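Heads up, start02.txt below (compact mmCIF, C-alpha atoms):
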```txt
# COMPACT_ATOMS: atom_id res chain seq x y z
CA MET A 1 15.79 41.95 -62.52
CA GLU A 2 13.53 38.99 -61.96
CA ASN A 3 9.78 39.50 -61.68
CA ILE A 4 8.08 37.69 -58.83
CA HIS A 5 4.37 37.07 -59.36
CA GLU A 6 1.89 36.32 -56.60
CA PRO A 7 -0.46 33.39 -57.19
CA PRO A 8 -4.09 34.36 -57.78
CA GLN A 9 -6.05 34.77 -54.54
CA PRO A 10 -9.01 32.37 -54.10
CA VAL A 11 -12.51 33.77 -54.24
CA PRO A 12 -14.21 33.75 -50.77
CA SER A 13 -16.78 31.20 -52.00
CA GLN A 14 -13.89 28.81 -52.71
CA LEU A 15 -12.71 29.08 -49.11
CA ALA A 16 -15.97 27.81 -47.61
CA GLY A 17 -15.99 24.08 -47.36
CA PRO A 18 -19.06 21.87 -47.48
CA GLY A 19 -21.00 21.04 -44.37
CA PRO A 20 -21.17 22.71 -40.95
CA GLN A 21 -17.44 23.26 -40.60
CA GLY A 22 -17.46 25.54 -43.66
CA LEU A 23 -19.43 28.42 -42.12
CA GLY A 24 -17.70 30.84 -44.46
CA ARG A 25 -14.24 29.96 -43.19
CA GLY A 26 -11.85 27.64 -44.91
CA ALA A 27 -8.45 26.34 -44.05
CA PRO A 28 -5.94 29.06 -43.20
CA PRO A 29 -3.99 30.23 -46.25
CA GLN A 30 -0.63 28.59 -46.77
CA PRO A 31 2.41 30.86 -46.43
CA GLN A 32 3.89 31.86 -49.75
CA GLN A 33 7.16 30.09 -50.54
CA LEU A 34 10.06 32.38 -51.41
CA PRO A 35 12.29 31.53 -54.34
CA PRO A 36 15.73 30.21 -53.29
CA GLN A 37 17.52 33.44 -54.38
CA MET A 38 15.52 35.47 -51.83
CA PHE A 39 17.57 34.38 -48.79
CA THR A 40 18.69 36.99 -46.34
CA THR A 41 22.31 38.03 -46.22
CA ALA A 42 23.03 35.87 -43.20
CA ALA A 43 21.64 32.76 -44.90
CA GLN A 44 23.85 33.34 -47.95
CA LEU A 45 26.89 32.94 -45.67
CA LEU A 46 26.18 29.21 -45.54
CA ASP A 47 28.02 28.68 -48.84
CA LEU A 48 31.05 30.62 -47.55
CA THR A 49 31.49 28.67 -44.30
CA ASP A 50 34.96 27.09 -43.98
CA LYS A 51 36.30 29.13 -46.92
CA LYS A 52 38.97 31.82 -46.93
CA LEU A 53 37.44 35.29 -47.24
CA LEU A 54 38.49 38.89 -47.68
CA VAL A 55 36.38 41.14 -45.45
CA CYS A 56 36.45 44.93 -45.89
CA LEU A 57 35.18 46.84 -42.87
CA ARG A 58 33.49 50.24 -42.65
CA ASP A 59 36.55 51.74 -40.96
CA GLY A 60 38.73 50.80 -43.94
CA ARG A 61 40.45 47.72 -42.51
CA LYS A 62 40.89 44.66 -44.72
CA LEU A 63 40.87 41.25 -43.06
CA THR A 64 41.50 37.81 -44.52
CA GLY A 65 40.57 34.66 -42.66
CA VAL A 66 38.62 31.42 -42.73
CA LEU A 67 34.92 31.85 -41.94
CA ARG A 68 34.11 29.42 -39.14
CA SER A 69 30.79 30.66 -37.83
CA TRP A 70 28.09 33.32 -38.27
CA ASP A 71 24.69 34.19 -36.88
CA GLN A 72 21.40 35.77 -37.98
CA PHE A 73 22.91 39.27 -37.67
CA ALA A 74 25.79 38.32 -40.00
CA ASN A 75 28.30 38.55 -37.14
CA LEU A 76 31.32 36.61 -38.37
CA VAL A 77 33.93 34.47 -36.62
CA LEU A 78 37.15 34.36 -38.66
CA GLN A 79 40.01 32.00 -37.90
CA SER A 80 43.67 32.61 -38.85
CA THR A 81 42.79 36.25 -39.44
CA ILE A 82 45.34 38.60 -41.00
CA GLU A 83 44.89 42.36 -41.29
CA ARG A 84 46.55 43.84 -44.37
CA ILE A 85 47.31 47.55 -44.65
CA TYR A 86 48.45 49.46 -47.70
CA ALA A 87 50.38 52.70 -48.08
CA THR A 88 50.69 54.11 -51.59
CA THR A 89 53.90 55.96 -52.39
CA SER A 90 53.10 56.84 -56.00
CA ASP A 91 51.17 59.74 -57.47
CA PRO A 92 47.40 59.03 -57.45
CA ALA A 93 47.25 60.03 -61.14
CA GLU A 94 49.38 57.03 -62.16
CA PRO A 95 47.35 54.16 -63.65
CA GLN A 96 49.14 51.47 -61.58
CA PRO A 97 49.57 52.46 -57.91
CA LYS A 98 52.84 51.60 -56.20
CA GLY A 99 53.56 51.36 -52.53
CA LEU A 100 54.06 49.16 -49.52
CA TYR A 101 51.90 46.64 -47.72
CA ALA A 102 52.15 44.75 -44.44
CA ASP A 103 50.28 41.96 -42.69
CA GLN A 104 49.49 41.58 -39.00
CA SER A 105 48.19 38.31 -37.60
CA HIS A 106 45.16 38.46 -35.27
CA GLY A 107 44.22 34.78 -34.87
CA ILE A 108 40.50 34.36 -34.12
CA PHE A 109 38.53 37.53 -34.90
CA LEU A 110 34.88 38.37 -34.22
CA VAL A 111 33.40 40.92 -36.66
CA ARG A 112 30.09 42.61 -35.93
CA GLY A 113 27.84 42.19 -38.97
CA GLU A 114 26.92 45.87 -39.31
CA ASN A 115 30.60 46.75 -39.77
CA VAL A 116 31.04 44.56 -42.85
CA LEU A 117 31.17 46.63 -46.02
CA LEU A 118 32.14 43.88 -48.45
CA LEU A 119 33.20 40.25 -48.32
CA GLY A 120 34.23 37.71 -50.87
CA GLU A 121 35.94 34.39 -51.31
CA ILE A 122 39.68 34.41 -52.00
CA ASP A 123 41.12 32.47 -54.91
CA LEU A 124 43.57 30.14 -53.15
CA ASP A 125 45.72 29.87 -56.30
CA LYS A 126 46.47 33.61 -56.18
CA ASP A 127 46.42 34.02 -52.40
CA ASP A 128 50.21 33.99 -51.96
CA ASP A 129 50.92 36.45 -54.81
CA PRO A 130 51.84 39.95 -53.61
CA PRO A 131 49.55 42.76 -54.79
CA PRO A 132 50.82 44.14 -58.14
CA GLY A 133 52.97 47.24 -57.64
CA PHE A 134 53.30 46.80 -53.87
CA GLU A 135 56.26 45.53 -51.85
CA LYS A 136 56.11 43.90 -48.43
CA ALA A 137 57.48 45.98 -45.54
CA GLU A 138 57.42 46.12 -41.74
CA PHE A 139 53.97 46.69 -40.24
CA HIS A 140 54.89 49.76 -38.18
CA VAL A 141 56.49 51.47 -41.22
CA VAL A 142 53.45 50.92 -43.43
CA GLU A 143 51.10 51.89 -40.60
CA THR A 144 52.96 55.20 -40.10
CA LEU A 145 52.85 55.98 -43.83
CA ALA A 146 49.14 55.13 -44.00
CA LYS A 147 48.34 57.38 -41.00
CA GLU A 148 50.28 60.26 -42.57
CA ARG A 149 48.38 59.79 -45.84
CA ARG A 150 45.04 59.78 -43.99
CA ALA A 151 45.99 62.96 -42.09
CA VAL A 152 46.80 64.74 -45.38
CA GLU A 153 43.49 63.59 -46.90
CA LYS A 154 41.60 64.71 -43.81
CA ALA A 155 43.21 68.17 -43.96
CA LYS A 156 42.28 68.48 -47.66
CA GLU A 157 38.70 67.50 -46.89
CA LYS A 158 38.51 70.02 -44.05
CA ASN A 159 39.76 72.83 -46.32
CA LYS A 160 37.25 71.83 -48.99
CA LEU A 161 34.40 71.92 -46.46
CA LYS A 162 35.50 75.37 -45.28
CA LYS A 163 35.49 76.68 -48.86
CA LEU A 164 32.06 75.19 -49.48
CA ALA A 165 30.76 76.70 -46.22
CA THR A 166 31.84 80.18 -47.35
CA LEU A 167 29.78 79.61 -50.52
CA GLY A 168 26.73 78.61 -48.46
CA PHE A 169 26.95 74.83 -48.76
CA GLU A 170 26.71 72.62 -45.71
CA GLY A 171 28.74 69.45 -45.40
CA GLU A 172 28.02 66.56 -43.09
CA ASN A 173 27.62 67.51 -39.42
CA MET A 174 27.84 71.25 -40.18
CA GLY A 175 24.17 72.15 -39.73
CA GLU A 176 22.39 73.11 -36.54
CA ILE A 177 20.50 70.50 -34.59
CA LEU A 178 16.94 71.60 -33.94
CA LEU A 179 15.06 69.98 -31.09
```

Produce structure tokens that represent the structure in this file.
Amino acid sequence: MENIHEPPQPVPSQLAGPGPQGLGRGAPPQPQQLPPQMFTTAAQLLDLTDKKLLVCLRDGRKLTGVLRSWDQFANLVLQSTIERIYATTSDPAEPQPKGLYADQSHGIFLVRGENVLLLGEIDLDKDDDPPPGFEKAEFHVVETLAKERRAVEKAKEKNKLKKLATLGFEGENMGEILL
């Protein structure tokens, strides 16, 4: 972690200039300059413009596309966007997951900045390689398998929350709302 030190503040007597214009007031203080690594998230997108990115969204979708534009809210415009979905068919305990994947083309895609969970530049040398342990399949087949997997996980989570509720624990959205 880098320490950022503030410059020493001038003593009030140093602010008063000579002559009648001094009158206890000096020139207004100059704004403190931020170090270059202190840019906001949106400003850091400048280096990623016109590069191929992987964008993971809060709802679990994974998009790849070329970043063409962005704004101060980190809303992104992706060109040649492809959504990739995965469906694992192996046991989760296995060290190397196996399954199916599929791509669906979306063209130009606008992503609201608050929905971006993670983004990163794609290595173009490895872009065409299939994910290790996964085979390409039809989109509707992989989508059906992924929905079934999510339904099973949701049922497990619901049962877990019920068991915790019988023990006196409250999960998300289980408490009363007091106004």

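Look at Lys62 of chain A: the protein and nucleic acid residues within 8 Å of it, using only C-alpha atoms and passing over chain neighbours fewer than 2 places away, are Leu54, Val55, Cys56, Leu57, Gly60, Thr64, Glu83, Arg84 and Ile85 of chain A.
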
Checklist line | Residue with smallest distance to Pro131 of chain A - pool A:Ala93, A:Leu100, A:Leu67, A:Leu76, counting all atoms listed in the file | finding: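 Smallest distance to Pro131 of chain A is found for A:Leu100.
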
Margin query: Need the shell around Pro132 of chain A: protein/DNA/RNA residues with any atom at most 9 Å away, counting all atoms listed in the file. Skip same-chain ones fewer than 3 positions apart. Format as a list of chain:residue names?
Written below: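 Once the nearby chain positions are removed, what remains is A:Gln96, A:Pro97, A:Lys98, A:Asp129, A:Glu135.
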
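In this model, the gap between atom CA of Ser90 of chain A and atom CA of Gly133 of chain A comes to 9.7 Å.
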
Any chance you could tabulate, as CSV, the residues of segment 39-105 of chain A at most 8 Å from segment 109-122 of chain A with each one's nearest atom pair and distance in Å to one decimal, using all atoms listed in the file, in chain and rising number order?
```
residue,atom,partner,partner_atom,distance
A:Leu48,CA,A:Glu121,CA,7.2
A:Lys51,CA,A:Glu121,CA,6.9
A:Lys52,CA,A:Ile122,CA,5.7
A:Leu53,CA,A:Glu121,CA,4.4
A:Leu54,CA,A:Gly120,CA,5.5
A:Val55,CA,A:Leu119,CA,4.4
A:Cys56,CA,A:Leu118,CA,5.1
A:Leu57,CA,A:Val116,CA,4.7
A:Arg58,CA,A:Asn115,CA,5.4
A:Asp59,CA,A:Asn115,CA,7.9
A:Phe73,CA,A:Gly113,CA,5.9
A:Ala74,CA,A:Gly113,CA,4.5
A:Asn75,CA,A:Gly113,CA,4.1
A:Leu76,CA,A:Val111,CA,5.1
A:Val77,CA,A:Leu110,CA,4.7
A:Leu78,CA,A:Phe109,CA,5.1
A:Gln79,CA,A:Phe109,CA,6.5
A:Thr81,CA,A:Phe109,CA,6.4
```

Note to self: Could you tell me how far atom CA of Leu45 of chain A sits from atom CA of Tyr86 of chain A, in Å to one decimal place?
What the structure shows: 27.2 Å

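Of note, atom CA of Asp47 of chain A and atom CA of Lys126 of chain A are spaced 20.5 Å apart.
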
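Once Ala146 of chain A and its same-chain neighbours fewer than 5 positions away are set aside, Gly60, Arg61, Arg84, Ile85, Tyr86, Ala87, Thr88, Thr89, Gly99, Leu100, Tyr101, Ala102, Phe139, His140, Val141, Ala151, Val152 and Glu153 of chain A remain within 12 Å of it when counting only C-alpha atoms.
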
Axis-aligned box for all listed atoms of segment 145-158 of chain A, 4 Å per side, centre and edges in Å to one decimal, as lines of an AutoDock Vina configuration file:
```
center_x = 45.7
center_y = 62.6
center_z = -44.3
size_x = 22.3
size_y = 22.9
size_z = 14.7
```

Item checked: Selected residue, from A:Glu170, A:Asp91, A:Asp50, A:Glu143, that lies nearest to Gly65 of chain A when counting all atoms listed in the file ->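 The answer is A:Asp50, which sits nearest to Gly65 of chain A.
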
Notebook entry, point to check: Do you know which residues are at most 12 Å from Leu46 of chain A counting all atoms listed in the file, after dropping those on the same chain fewer than 6 positions away, and could you put them as a ChimeraX atom specification?
Noted result: /A:39-40,67-72,74,76
